[in-house]
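Listing of query-v9.cif; format and content: mmCIF, C-alpha atoms.
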data_structure
#
loop_
_atom_site.label_atom_id
_atom_site.label_comp_id
_atom_site.auth_asym_id
_atom_site.auth_seq_id
_atom_site.Cartn_x
_atom_site.Cartn_y
_atom_site.Cartn_z
CA MET A 1 14.56 -28.54 5.63
CA GLY A 2 18.22 -27.84 6.09
CA VAL A 3 21.38 -27.53 8.12
CA HIS A 4 23.42 -24.65 9.48
CA PHE A 5 27.13 -25.26 9.72
CA ASP A 6 30.23 -23.38 10.85
CA ARG A 7 31.19 -20.78 8.33
CA LEU A 8 33.43 -22.17 5.58
CA GLU A 9 36.23 -19.60 5.57
CA SER A 10 37.59 -20.71 2.20
CA TRP A 11 34.23 -20.48 0.44
CA THR A 12 34.32 -17.74 -2.21
CA LEU A 13 31.93 -16.53 -4.90
CA PRO A 14 33.25 -18.83 -7.67
CA HIS A 15 32.32 -21.84 -5.55
CA PHE A 16 28.63 -21.05 -6.06
CA GLY A 17 29.13 -21.42 -9.80
CA LEU A 18 31.18 -24.59 -9.44
CA PHE A 19 28.50 -26.13 -7.26
CA TRP A 20 25.73 -25.01 -9.61
CA ASN A 21 27.54 -26.76 -12.42
CA ARG A 22 27.05 -30.03 -10.55
CA ILE A 23 23.31 -29.62 -10.05
CA ARG A 24 22.41 -27.48 -13.04
CA GLU A 25 20.70 -30.26 -14.95
CA GLU A 26 18.06 -30.53 -12.20
CA PHE A 27 18.23 -26.92 -11.00
CA PRO A 28 18.65 -24.79 -14.11
CA LYS A 29 17.74 -21.43 -12.58
CA ALA A 30 19.98 -19.49 -10.21
CA GLU A 31 19.26 -16.29 -8.29
CA VAL A 32 21.43 -14.22 -5.98
CA ARG A 33 19.78 -13.33 -2.67
CA PRO A 34 20.78 -11.52 0.50
CA PRO A 35 22.21 -13.91 3.05
CA ILE A 36 20.38 -15.25 6.04
CA ALA A 37 22.64 -13.94 8.73
CA ALA A 38 23.03 -12.06 11.93
CA LYS A 39 23.35 -8.36 11.15
CA GLU A 40 26.95 -8.18 12.22
CA TRP A 41 27.85 -10.45 9.31
CA MET A 42 26.18 -8.12 6.87
CA SER A 43 29.32 -6.24 5.96
CA PHE A 44 31.74 -6.61 3.15
CA GLU A 45 35.06 -7.93 4.32
CA TYR A 46 38.02 -6.12 2.95
CA GLY A 47 41.47 -5.69 4.39
CA THR A 48 41.16 -8.40 7.01
CA THR A 49 40.94 -11.23 4.53
CA ASP A 50 43.50 -13.82 3.64
CA PRO A 51 44.92 -13.21 1.04
CA PRO A 52 44.99 -9.49 1.90
CA GLY A 53 42.91 -7.29 -0.35
CA GLU A 54 40.46 -10.00 -1.30
CA LEU A 55 36.85 -8.85 -1.22
CA ARG A 56 34.35 -11.15 0.49
CA ILE A 57 30.73 -10.43 -0.33
CA PRO A 58 28.13 -12.22 1.78
CA VAL A 59 25.47 -13.67 -0.50
CA ARG A 60 23.10 -16.58 -0.71
CA TYR A 61 22.32 -18.43 -3.92
CA TRP A 62 19.03 -19.95 -4.91
CA PHE A 63 19.03 -22.89 -7.30
CA ILE A 64 15.54 -23.62 -8.63
CA SER A 65 14.30 -26.80 -10.29
CA HIS A 66 12.77 -27.03 -13.79
CA ASP A 67 9.22 -27.25 -12.48
CA ASN A 68 9.70 -24.45 -9.90
CA MET A 69 8.76 -26.86 -7.12
CA ARG A 70 12.17 -27.34 -5.51
CA LEU A 71 14.72 -24.86 -4.27
CA ILE A 72 18.22 -25.33 -2.93
CA GLN A 73 19.65 -22.42 -0.94
CA VAL A 74 23.37 -22.20 -0.34
CA GLN A 75 25.56 -19.76 1.57
CA ASN A 76 28.86 -20.22 3.30
CA ASN A 77 27.24 -21.49 6.50
CA LEU A 78 23.90 -22.82 5.33
CA PHE A 79 22.31 -25.46 3.12
CA LEU A 80 18.52 -25.52 2.79
CA HIS A 81 16.17 -27.46 0.57
CA ASN A 82 12.62 -26.10 0.13
CA TRP A 83 9.62 -27.61 -1.57
CA ARG A 84 6.42 -26.06 -2.76
CA ARG A 85 3.12 -27.83 -2.29
CA GLY A 86 1.05 -28.80 -5.28
CA GLY A 87 3.36 -31.24 -6.97
CA LYS A 88 2.25 -34.32 -8.86
CA SER A 89 0.70 -35.77 -5.75
CA GLU A 90 0.07 -34.51 -2.26
CA SER A 91 2.04 -37.41 -0.83
CA SER A 92 5.12 -35.97 -2.51
CA SER A 93 5.16 -33.22 0.12
CA HIS A 94 5.30 -35.56 3.10
CA TYR A 95 8.35 -35.43 5.29
CA GLU A 96 9.04 -39.14 4.92
CA ASP A 97 9.33 -38.67 1.16
CA LEU A 98 11.26 -35.41 1.29
CA ARG A 99 13.91 -36.26 3.85
CA PRO A 100 15.69 -38.86 1.67
CA ILE A 101 15.81 -36.27 -1.12
CA PHE A 102 17.34 -33.77 1.28
CA GLU A 103 19.90 -36.35 2.40
CA LYS A 104 20.92 -36.98 -1.20
CA GLU A 105 21.33 -33.26 -1.93
CA TRP A 106 23.20 -32.60 1.31
CA LEU A 107 25.56 -35.45 0.49
CA ARG A 108 26.13 -33.99 -2.95
CA PHE A 109 26.91 -30.60 -1.41
CA SER A 110 29.20 -31.89 1.34
CA ASP A 111 31.05 -34.08 -1.21
CA PHE A 112 31.55 -30.98 -3.34
CA VAL A 113 32.93 -29.03 -0.38
CA LYS A 114 35.36 -31.80 0.43
CA GLN A 115 36.46 -32.41 -3.16
CA GLU A 116 37.11 -28.72 -3.71
CA LYS A 117 39.13 -28.70 -0.47
CA ILE A 118 36.95 -25.93 0.94
CA GLY A 119 36.70 -27.66 4.28
CA THR A 120 34.40 -30.02 6.09
CA PRO A 121 30.96 -28.72 7.03
CA ARG A 122 30.56 -28.97 10.81
CA VAL A 123 26.83 -28.91 11.34
CA SER A 124 25.60 -26.78 14.24
CA LEU A 125 21.84 -26.90 13.65
CA CYS A 126 19.25 -29.03 11.87
CA GLU A 127 16.16 -27.16 10.74
CA VAL A 128 12.70 -28.17 9.61
CA THR A 129 10.14 -25.54 8.59
CA TYR A 130 6.51 -25.88 7.58
CA ILE A 131 4.51 -23.01 6.14
CA ASN A 132 0.74 -23.04 5.95
CA HIS A 133 -1.56 -20.48 4.38
CA LEU A 134 -5.05 -20.04 5.68
CA GLU A 135 -7.00 -18.07 3.14
CA ARG A 136 -9.60 -15.58 4.24
CA GLY A 137 -12.99 -17.23 3.99
CA VAL A 138 -11.59 -20.63 4.96
CA GLY A 139 -11.94 -20.91 8.73
CA TRP A 140 -11.77 -17.18 9.33
CA GLN A 141 -13.25 -14.02 7.88
CA THR A 142 -11.81 -11.25 10.06
CA MET A 143 -9.31 -11.09 12.89
CA ALA A 144 -12.30 -11.32 15.24
CA ASP A 145 -12.34 -15.01 14.24
CA LEU A 146 -8.76 -15.57 15.35
CA PRO A 147 -9.79 -17.24 18.64
CA ASP A 148 -11.29 -19.97 16.43
CA VAL A 149 -7.84 -20.50 14.93
CA LEU A 150 -5.64 -20.13 17.99
CA PRO A 151 -6.63 -21.38 21.43
CA CYS A 152 -4.03 -19.04 22.96
CA TRP A 153 -5.65 -15.89 21.52
CA SER A 154 -8.85 -14.69 23.16
CA GLY A 155 -9.21 -11.44 21.27
CA LYS A 156 -10.48 -9.80 24.46
CA THR A 157 -9.27 -6.41 25.67
CA ALA A 158 -9.40 -5.02 29.20
CA GLU A 159 -12.18 -2.48 28.57
CA GLY A 160 -13.59 -3.57 25.22
CA TYR A 161 -12.76 -0.19 23.69
CA LEU A 162 -10.66 -1.48 20.81
CA PRO A 163 -12.24 -3.11 17.78
CA SER A 164 -10.74 -6.33 16.48
CA PRO A 165 -7.36 -5.67 14.86
CA ASN A 166 -6.88 -5.37 11.12
CA ALA A 167 -3.65 -7.31 11.21
CA VAL A 168 -1.94 -9.55 13.72
CA ALA A 169 1.59 -10.87 14.13
CA ILE A 170 2.50 -13.36 16.80
CA ARG A 171 5.90 -14.95 17.39
CA ALA A 172 6.54 -17.54 20.01
CA PHE A 173 9.68 -19.47 20.92
CA TYR A 174 9.71 -22.74 22.79
CA ARG A 175 12.73 -24.45 24.18
CA MET A 176 13.43 -28.02 23.10
CA LYS A 177 15.41 -29.77 25.79
CA GLU A 178 16.15 -33.12 24.27
CA PRO A 179 17.86 -32.58 21.91
CA ASP A 180 18.88 -28.98 22.60
CA GLY A 181 16.96 -26.67 20.31
CA SER A 182 13.95 -24.48 19.80
CA LEU A 183 10.59 -24.31 18.09
CA GLU A 184 9.65 -20.97 16.60
CA ILE A 185 6.03 -20.32 15.68
CA ALA A 186 5.07 -17.25 13.70
CA LEU A 187 1.54 -16.29 12.76
CA GLN A 188 1.21 -13.29 10.50
CA SER A 189 -1.50 -11.54 8.53
CA ALA A 190 -0.30 -11.28 4.96
CA VAL A 191 -1.24 -10.74 1.35
CA ARG A 192 -0.17 -13.44 -1.08
CA GLN A 193 1.36 -11.63 -4.03
CA PRO A 194 0.37 -13.79 -7.02
CA ASP A 195 -3.39 -13.70 -6.35
CA ALA A 196 -3.63 -10.79 -3.84
CA LYS A 197 -5.49 -13.06 -1.42
CA GLU A 198 -5.51 -12.16 2.23
CA ILE A 199 -4.09 -14.98 4.29
CA ILE A 200 -2.91 -15.90 7.72
CA GLN A 201 0.50 -17.49 7.38
CA LEU A 202 1.53 -19.94 10.04
CA THR A 203 5.21 -20.81 10.04
CA LEU A 204 6.67 -23.42 12.34
CA THR A 205 10.42 -23.87 12.47
CA GLY A 206 12.09 -26.55 14.56
CA ARG A 207 15.83 -26.28 15.10
CA CYS A 208 18.10 -28.47 17.12
CA ARG A 209 21.73 -29.27 17.60
CA PRO A 210 22.72 -32.66 16.23
CA ALA A 211 25.07 -34.78 18.30
CA SER A 212 27.58 -34.69 15.43
CA SER A 213 27.77 -33.98 11.70
CA ASP A 214 27.40 -37.67 10.87
CA GLU A 215 24.51 -38.57 8.62
CA LYS A 216 22.83 -40.63 11.32
CA ASP A 217 22.90 -37.77 13.80
CA LEU A 218 21.67 -35.28 11.20
CA ILE A 219 18.70 -37.50 10.40
CA SER A 220 18.00 -37.87 14.07
CA GLY A 221 18.18 -34.08 14.49
CA LEU A 222 15.86 -33.47 11.55
CA ASN A 223 13.41 -36.05 12.88
CA ALA A 224 13.41 -34.37 16.30
CA ALA A 225 12.86 -30.94 14.77
CA ARG A 226 10.04 -32.28 12.65
CA GLU A 227 8.42 -33.97 15.63
CA TRP A 228 8.32 -30.63 17.46
CA VAL A 229 6.88 -28.92 14.40
CA VAL A 230 4.07 -31.45 14.01
CA ARG A 231 3.16 -31.65 17.67
CA GLY A 232 3.62 -27.90 18.06
CA PHE A 233 1.20 -27.30 15.21
CA THR A 234 -1.41 -29.57 16.77
CA ASP A 235 -0.98 -27.92 20.15
CA PHE A 236 -0.90 -24.31 18.92
CA THR A 237 -3.92 -24.45 16.60
CA SER A 238 -7.57 -25.30 17.17
CA PRO A 239 -9.41 -28.52 16.24
CA LYS A 240 -11.36 -26.47 13.68
CA ILE A 241 -8.12 -25.65 11.88
CA HIS A 242 -6.95 -29.26 12.15
CA ASN A 243 -10.02 -30.25 10.17
CA ILE A 244 -9.40 -27.61 7.54
CA TRP A 245 -5.75 -28.50 7.13
CA GLY A 246 -6.39 -32.21 7.53
CA ARG A 247 -4.21 -32.12 10.65
CA THR A 248 -1.30 -33.62 8.75
CA LEU A 249 1.80 -31.63 7.98
CA MET B 250 18.01 -17.40 33.71
CA SER B 251 20.83 -19.81 33.28
CA THR B 252 19.41 -21.26 30.07
CA ALA B 253 19.29 -17.95 28.23
CA PRO B 254 22.70 -18.03 26.50
CA ALA B 255 22.21 -21.52 25.10
CA PHE B 256 18.71 -20.68 23.97
CA SER B 257 19.79 -17.55 22.16
CA MET B 258 22.36 -19.55 20.25
CA VAL B 259 19.75 -21.79 18.73
CA THR B 260 17.43 -19.04 17.55
CA PRO B 261 19.46 -17.51 14.76
CA SER B 262 16.47 -16.05 12.94
CA MET B 263 16.00 -13.34 15.57
CA LYS B 264 18.44 -11.17 13.67
CA ARG B 265 18.02 -12.52 10.20
CA PHE B 266 18.52 -10.30 7.25
CA GLY B 267 17.20 -12.54 4.51
CA GLN B 268 14.37 -15.01 4.91
CA SER B 269 14.76 -18.74 4.47
CA GLN B 270 11.23 -19.35 3.30
CA TRP B 271 10.36 -19.58 -0.35
CA SER B 272 7.10 -17.77 -0.57
CA THR B 273 5.74 -14.68 -2.20
CA VAL B 274 3.76 -13.10 0.57
CA THR B 275 3.86 -9.63 2.03
CA PHE B 276 3.48 -9.57 5.79
CA LEU B 277 1.16 -6.85 7.00
CA ASP B 278 3.06 -6.27 10.24
CA ALA B 279 5.98 -5.06 8.13
CA MET B 280 3.82 -2.65 6.15
CA ALA B 281 3.56 1.10 6.63
CA PRO B 282 0.44 2.37 8.43
CA TRP B 283 -0.95 3.88 5.22
CA VAL B 284 -0.93 0.42 3.60
CA LEU B 285 -2.97 -1.07 6.43
CA GLU B 286 -5.41 1.84 6.32
CA THR B 287 -5.78 1.50 2.57
CA LEU B 288 -6.36 -2.25 2.71
CA SER B 289 -8.97 -1.71 5.39
CA ARG B 290 -10.77 0.84 3.24
CA ILE B 291 -10.62 -1.47 0.20
CA ASP B 292 -12.10 -4.18 2.36
CA GLU B 293 -15.06 -1.97 3.28
CA LEU B 294 -15.73 -1.27 -0.38
CA LYS B 295 -15.80 -4.97 -1.25
CA GLY B 296 -19.23 -5.04 0.37
CA LEU B 297 -20.77 -2.70 -2.22
CA GLY B 298 -23.28 -4.37 -4.48
CA ASP B 299 -24.35 -3.68 -8.04
CA ASN B 300 -25.98 -0.30 -8.58
CA TRP B 301 -24.12 1.13 -5.59
CA ASP B 302 -24.32 4.60 -7.17
CA GLY B 303 -27.98 4.44 -8.15
CA TYR B 304 -26.98 4.70 -11.81
CA GLY B 305 -26.54 1.03 -12.56
CA SER B 306 -22.81 0.78 -11.98
CA PRO B 307 -21.57 -2.76 -11.32
CA ARG B 308 -19.86 -3.60 -8.04
CA ILE B 309 -16.08 -3.20 -7.94
CA GLN B 310 -14.73 -6.00 -10.09
CA THR B 311 -12.37 -8.60 -8.66
CA ARG B 312 -9.63 -7.89 -11.21
CA ALA B 313 -9.66 -4.21 -10.29
CA LEU B 314 -9.51 -5.02 -6.58
CA THR B 315 -6.71 -7.52 -7.10
CA GLN B 316 -4.64 -5.01 -9.04
CA ALA B 317 -5.16 -2.37 -6.37
CA ILE B 318 -4.21 -4.69 -3.50
CA LYS B 319 -1.16 -6.06 -5.32
CA LEU B 320 0.07 -2.57 -6.00
CA VAL B 321 -0.46 -1.30 -2.47
CA VAL B 322 1.42 -4.16 -0.82
CA SER B 323 4.25 -3.99 -3.33
CA LEU B 324 5.11 -0.35 -2.63
CA ASP B 325 7.97 0.16 -0.23
CA LEU B 326 7.08 3.72 0.73
CA GLN B 327 6.90 4.50 4.41
CA ASP B 328 6.14 8.22 4.32
CA LEU B 329 3.07 8.23 2.15
CA PRO B 330 -0.26 9.41 3.57
CA ALA B 331 -3.20 7.05 3.12
CA PRO B 332 -5.15 7.87 -0.03
CA VAL B 333 -8.86 8.51 -0.20
CA VAL B 334 -10.21 5.24 -1.59
CA SER B 335 -13.48 5.24 -3.45
CA PRO B 336 -15.52 3.18 -5.87
CA VAL B 337 -15.52 4.36 -9.47
CA ALA B 338 -18.35 3.83 -11.93
CA GLY B 339 -17.87 0.87 -14.26
CA GLY B 340 -16.54 -1.54 -11.61
CA ALA B 341 -13.27 0.27 -10.90
CA ILE B 342 -11.65 1.50 -7.70
CA GLY B 343 -9.83 4.78 -7.25
CA PHE B 344 -7.14 6.22 -4.99
CA HIS B 345 -6.61 9.91 -4.52
CA TRP B 346 -3.69 11.62 -2.78
CA ARG B 347 -3.11 15.28 -2.17
CA VAL B 348 0.24 16.37 -0.77
CA GLY B 349 0.81 20.13 -0.69
CA THR B 350 -0.04 21.43 -4.13
CA ARG B 351 0.40 18.08 -5.83
CA GLU B 352 -2.28 15.50 -6.43
CA LEU B 353 -2.35 12.03 -7.86
CA GLU B 354 -5.36 9.99 -8.82
CA LEU B 355 -5.13 6.31 -9.74
CA THR B 356 -8.06 4.34 -11.08
CA PHE B 357 -7.76 0.56 -11.22
CA LEU B 358 -9.94 -0.65 -14.06
CA PRO B 359 -11.58 -4.06 -14.42
CA ASN B 360 -9.31 -4.74 -17.43
CA GLU B 361 -6.31 -4.35 -15.05
CA GLN B 362 -5.13 -1.12 -16.60
CA ILE B 363 -4.45 1.84 -14.35
CA GLU B 364 -5.56 5.33 -15.30
CA TYR B 365 -3.62 8.13 -13.70
CA LEU B 366 -4.06 11.83 -13.35
CA LYS B 367 -1.32 14.04 -11.94
CA VAL B 368 -2.09 17.55 -10.82
CA LEU B 369 1.20 19.40 -11.07
CA ASP B 370 -0.16 22.84 -10.32
CA GLN B 371 -3.33 23.97 -8.58
CA ASP B 372 -3.72 26.67 -11.21
CA LEU B 373 -5.71 24.48 -13.57
CA GLU B 374 -5.85 27.26 -16.17
CA ARG B 375 -2.27 26.47 -17.01
CA ASP B 376 -1.73 24.11 -19.93
CA ASP B 377 0.81 22.00 -18.07
CA ALA B 378 -1.15 21.74 -14.81
CA LEU B 379 -2.43 18.22 -15.53
CA GLN B 380 -0.86 15.05 -16.79
CA ALA B 381 -2.98 12.00 -17.54
CA GLY B 382 -2.46 8.58 -19.05
CA VAL B 383 -3.12 4.86 -18.88
CA LEU B 384 -0.68 2.24 -17.66
CA PRO B 385 -0.84 -1.40 -18.69
CA PRO B 386 -1.20 -3.99 -15.90
CA ASN B 387 1.61 -4.68 -13.42
CA ARG B 388 3.44 -1.38 -13.65
CA GLY B 389 4.21 -1.03 -9.96
CA PRO B 390 7.60 0.67 -10.47
CA GLU B 391 6.03 3.41 -12.59
CA VAL B 392 3.37 4.04 -10.00
CA GLY B 393 6.11 4.05 -7.37
CA ARG B 394 7.89 6.82 -9.28
CA MET B 395 4.68 8.86 -9.39
CA LEU B 396 4.24 8.46 -5.65
CA ASN B 397 7.83 9.48 -5.05
CA TRP B 398 7.14 12.57 -7.12
CA LEU B 399 4.07 13.25 -4.99
CA ILE B 400 5.99 13.32 -1.71
CA ALA B 401 9.23 14.80 -3.04
CA LEU B 402 8.48 18.38 -2.03
#
Turn the structure described in the file into structure tokens.
Amino acid sequence: MGVHFDRLESWTLPHFGLFWNRIREEFPKAEVRPPIAAKEWMSFEYGTTDPPGELRIPVRYWFISHDNMRLIQVQNNLFLHNWRRGGKSESSSHYEDLRPIFEKEWLRFSDFVKQEKIGTPRVSLCEVTYINHLERGVGWQTMADLPDVLPCWSGKTAEGYLPSPNAVAIRAFYRMKEPDGSLEIALQSAVRQPDAKEIIQLTLTGRCRPASSDEKDLISGLNAAREWVVRGFTDFTSPKIHNIWGRTL
Amino acid sequence: MSTAPAFSMVTPSMKRFGQSQWSTVTFLDAMAPWVLETLSRIDELKGLGDNWDGYGSPRIQTRALTQAIKLVVSLDLQDLPAPVVSPVAGGAIGFHWRVGTRELELTFLPNEQIEYLKVLDQDLERDDALQAGVLPPNRGPEVGRMLNWLIAL
């Protein structure tokens, strides 16, 4: 769950450390990551900066909680909060429980930005993402079973020459009209690194433009994005999968 | 369509460099063809039962398979040919590559160690034609260096 905002021009590398200092008690681990960005931003800025000669390096920081269950991602135009499933209780991963936590962390971040006189984050997008893993052997065995997972995939070919594929990747975008936004659905064959299990990963990301950067409008934007994710999941996947995943996101 | 510009503005991930998700998965659609071929071959061998060789060898053990799969998906090598994948007596699984005059054999053992054998010269009479050893578990970078050596001609 998170927000994209207009790039904070005054944000520099030391600000990551200053911000970490504020949350370090809860998020003691920090990692430097490549930024989430359009490719044209992926260049070092030198010579066009103010003050002249200053080097701007585009990076994203990860701040990870003690128990490895929560992650805050920060870059100069992005603030995301991620959770892993498998916490103390399953209910702890429900949107209704997580959104207030996000609000608190976003407030802490935007207060920091204001207090450090970096600027005021002007939010352009609210984002809600859900990731589900469907392990091989649970609802599917080979890609020939994919029609059981996705109503939109028949698996049929024109002449029946091809066998079923070894791997599949599907990406679909849907326009949200009210509010203005999109739902992105990605289904990908994958191998989960820790246990080498073959999985199908289903990722649903709802994004929409909030009416303003006010807290009320951000919540409304997040709720709308989440609504599209939940209903999109139900619409995109089969009843068989709803049973396996318990239908709830 | 008149809606296209607005739509493209709200789909920033189309050109993303990093990923926003916090997961440790390797997507197969981003993998080199040799990785997909190798995984497919490993998958076929999972069906072997005990005594697959007629000499009482156990089936390929899960820990050996897991090590092999983890290694294959962790290698960021596009130009590698697919190895010959075969079961090895004792519950192990083996990969064999031959590129020009060089060869590399990896055997993933049920105890998660990896045995390797490098053929540096086809003239096996030479003392330095072969190099063999055992790697402890999770030594992907070292295997990566061997594979780079294999294709570096």
Check which residues of chain A sit at most 7 Å from chain B using only C-alpha atoms, and return one row each with the closest pair of atoms and their distance in Å to one decimal, ordered by chain and rising number, as a tab-separated table.
residue	atom	partner	partner_atom	distance
A:Pro34	CA	B:Gly267	CA	5.5
A:Pro35	CA	B:Gly267	CA	5.4
A:Ile36	CA	B:Gly267	CA	4.4
A:Ala37	CA	B:Arg265	CA	5.1
A:Ala38	CA	B:Lys264	CA	5.0
A:Lys39	CA	B:Lys264	CA	6.2
A:Asn82	CA	B:Trp271	CA	6.9
A:Ala167	CA	B:Leu277	CA	6.4
A:Val168	CA	B:Asp278	CA	6.9
A:Ala169	CA	B:Asp278	CA	6.2
A:Gly181	CA	B:Val259	CA	5.8
A:Ser182	CA	B:Val259	CA	6.5
A:Gln188	CA	B:Phe276	CA	6.4
A:Ser189	CA	B:Leu277	CA	5.6
A:Ala190	CA	B:Phe276	CA	4.2
A:Val191	CA	B:Thr275	CA	5.3
A:Arg192	CA	B:Val274	CA	4.3
A:Gln193	CA	B:Val274	CA	5.4
A:Ala196	CA	B:Lys319	CA	5.5
A:Arg207	CA	B:Val259	CA	7.0
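Restricting the calculation to all atoms listed in the file, the smallest distance between Pro147 of chain A and any of A:Glu227, A:Lys29, A:Ser164, A:Leu8 is found for A:Ser164.
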Practice problem: Can you work out the spacing between atom CA of Arg231 of chain A and atom CA of Ile219 of chain A in Å, to one decimal? | Solution: 18.1 Å
Quiz item: What is the atom CA of Arg60 of chain A to atom CA of Glu103 of chain A distance in Å?
Solution: 20.3 Å
Practice problem: Please determine the residues with any atom at most 10 Å from (9.2, -34.8, 5.0) (coordinates as given in the file, with all atoms listed in the file counting) and report them as a ChimeraX atom specification. | Solution: /A:1,83,91-102,128-130,222-223,226,249
Exercise. Mind giving me the straight-line distance from atom CA of Glu9 of chain A to atom CA of Ile118 of chain A in Å, one decimal?
Key: 7.9 Å
Self-check item: Spatial neighbours of Gln327 of chain B, 9 Å, only C-alpha atoms, chain gap at least 2 places, as a ChimeraX atom specification
Solution: /B:280-284,324-325,329-330
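Here the question is which of A:Val59, A:Val32, A:Ala211, A:Ala158 gets nearest to Asn77 of chain A using only C-alpha atoms, and that residue is A:Val59.
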Quiz item: Could you list as a PyMOL selection string every residue that has an atom within 12 Å of (30.6, -30.9, -1.2), using the file's coordinates and counting only C-alpha atoms?
Solution: chain A and resi 8+11+15-16+18-20+22-23+74+76+79+104-121
Rebuild segment 186-197 of chain A so that it carries N, CA, C and O atoms, then output the result as a PDB file, in the frame of the given file.
ATOM      1  N   ALA A 186       5.422 -18.607  14.114  1.00  0.00           N
ATOM      2  CA  ALA A 186       5.070 -17.250  13.700  1.00  0.00           C
ATOM      3  C   ALA A 186       3.727 -17.288  12.997  1.00  0.00           C
ATOM      4  O   ALA A 186       3.505 -18.110  12.101  1.00  0.00           O
ATOM      5  N   LEU A 187       2.840 -16.428  13.433  1.00  0.00           N
ATOM      6  CA  LEU A 187       1.540 -16.290  12.760  1.00  0.00           C
ATOM      7  C   LEU A 187       1.442 -14.839  12.308  1.00  0.00           C
ATOM      8  O   LEU A 187       1.623 -13.917  13.109  1.00  0.00           O
ATOM      9  N   GLN A 188       1.209 -14.650  11.035  1.00  0.00           N
ATOM     10  CA  GLN A 188       1.210 -13.290  10.500  1.00  0.00           C
ATOM     11  C   GLN A 188       0.097 -13.101   9.472  1.00  0.00           C
ATOM     12  O   GLN A 188      -0.111 -13.951   8.609  1.00  0.00           O
ATOM     13  N   SER A 189      -0.570 -11.946   9.583  1.00  0.00           N
ATOM     14  CA  SER A 189      -1.500 -11.540   8.530  1.00  0.00           C
ATOM     15  C   SER A 189      -0.652 -11.176   7.319  1.00  0.00           C
ATOM     16  O   SER A 189       0.394 -10.540   7.466  1.00  0.00           O
ATOM     17  N   ALA A 190      -1.115 -11.552   6.149  1.00  0.00           N
ATOM     18  CA  ALA A 190      -0.300 -11.280   4.960  1.00  0.00           C
ATOM     19  C   ALA A 190      -1.188 -11.207   3.724  1.00  0.00           C
ATOM     20  O   ALA A 190      -2.369 -11.590   3.748  1.00  0.00           O
ATOM     21  N   VAL A 191      -0.600 -10.696   2.672  1.00  0.00           N
ATOM     22  CA  VAL A 191      -1.240 -10.740   1.350  1.00  0.00           C
ATOM     23  C   VAL A 191      -0.350 -11.585   0.457  1.00  0.00           C
ATOM     24  O   VAL A 191       0.857 -11.353   0.384  1.00  0.00           O
ATOM     25  N   ARG A 192      -0.945 -12.585  -0.182  1.00  0.00           N
ATOM     26  CA  ARG A 192      -0.170 -13.440  -1.080  1.00  0.00           C
ATOM     27  C   ARG A 192      -0.072 -12.722  -2.429  1.00  0.00           C
ATOM     28  O   ARG A 192      -1.090 -12.391  -3.040  1.00  0.00           O
ATOM     29  N   GLN A 193       1.150 -12.482  -2.855  1.00  0.00           N
ATOM     30  CA  GLN A 193       1.360 -11.630  -4.030  1.00  0.00           C
ATOM     31  C   GLN A 193       0.714 -12.148  -5.328  1.00  0.00           C
ATOM     32  O   GLN A 193       0.050 -11.373  -6.002  1.00  0.00           O
ATOM     33  N   PRO A 194       0.860 -13.396  -5.697  1.00  0.00           N
ATOM     34  CA  PRO A 194       0.370 -13.790  -7.020  1.00  0.00           C
ATOM     35  C   PRO A 194      -1.127 -13.566  -7.213  1.00  0.00           C
ATOM     36  O   PRO A 194      -1.552 -13.156  -8.282  1.00  0.00           O
ATOM     37  N   ASP A 195      -1.945 -13.837  -6.166  1.00  0.00           N
ATOM     38  CA  ASP A 195      -3.390 -13.700  -6.350  1.00  0.00           C
ATOM     39  C   ASP A 195      -4.002 -12.629  -5.460  1.00  0.00           C
ATOM     40  O   ASP A 195      -5.220 -12.472  -5.445  1.00  0.00           O
ATOM     41  N   ALA A 196      -3.181 -11.883  -4.727  1.00  0.00           N
ATOM     42  CA  ALA A 196      -3.630 -10.790  -3.840  1.00  0.00           C
ATOM     43  C   ALA A 196      -4.628 -11.274  -2.786  1.00  0.00           C
ATOM     44  O   ALA A 196      -5.430 -10.491  -2.291  1.00  0.00           O
ATOM     45  N   LYS A 197      -4.568 -12.554  -2.439  1.00  0.00           N
ATOM     46  CA  LYS A 197      -5.490 -13.060  -1.420  1.00  0.00           C
ATOM     47  C   LYS A 197      -4.967 -12.738  -0.023  1.00  0.00           C
ATOM     48  O   LYS A 197      -3.768 -12.844   0.229  1.00  0.00           O
TER      49      LYS A 197
END
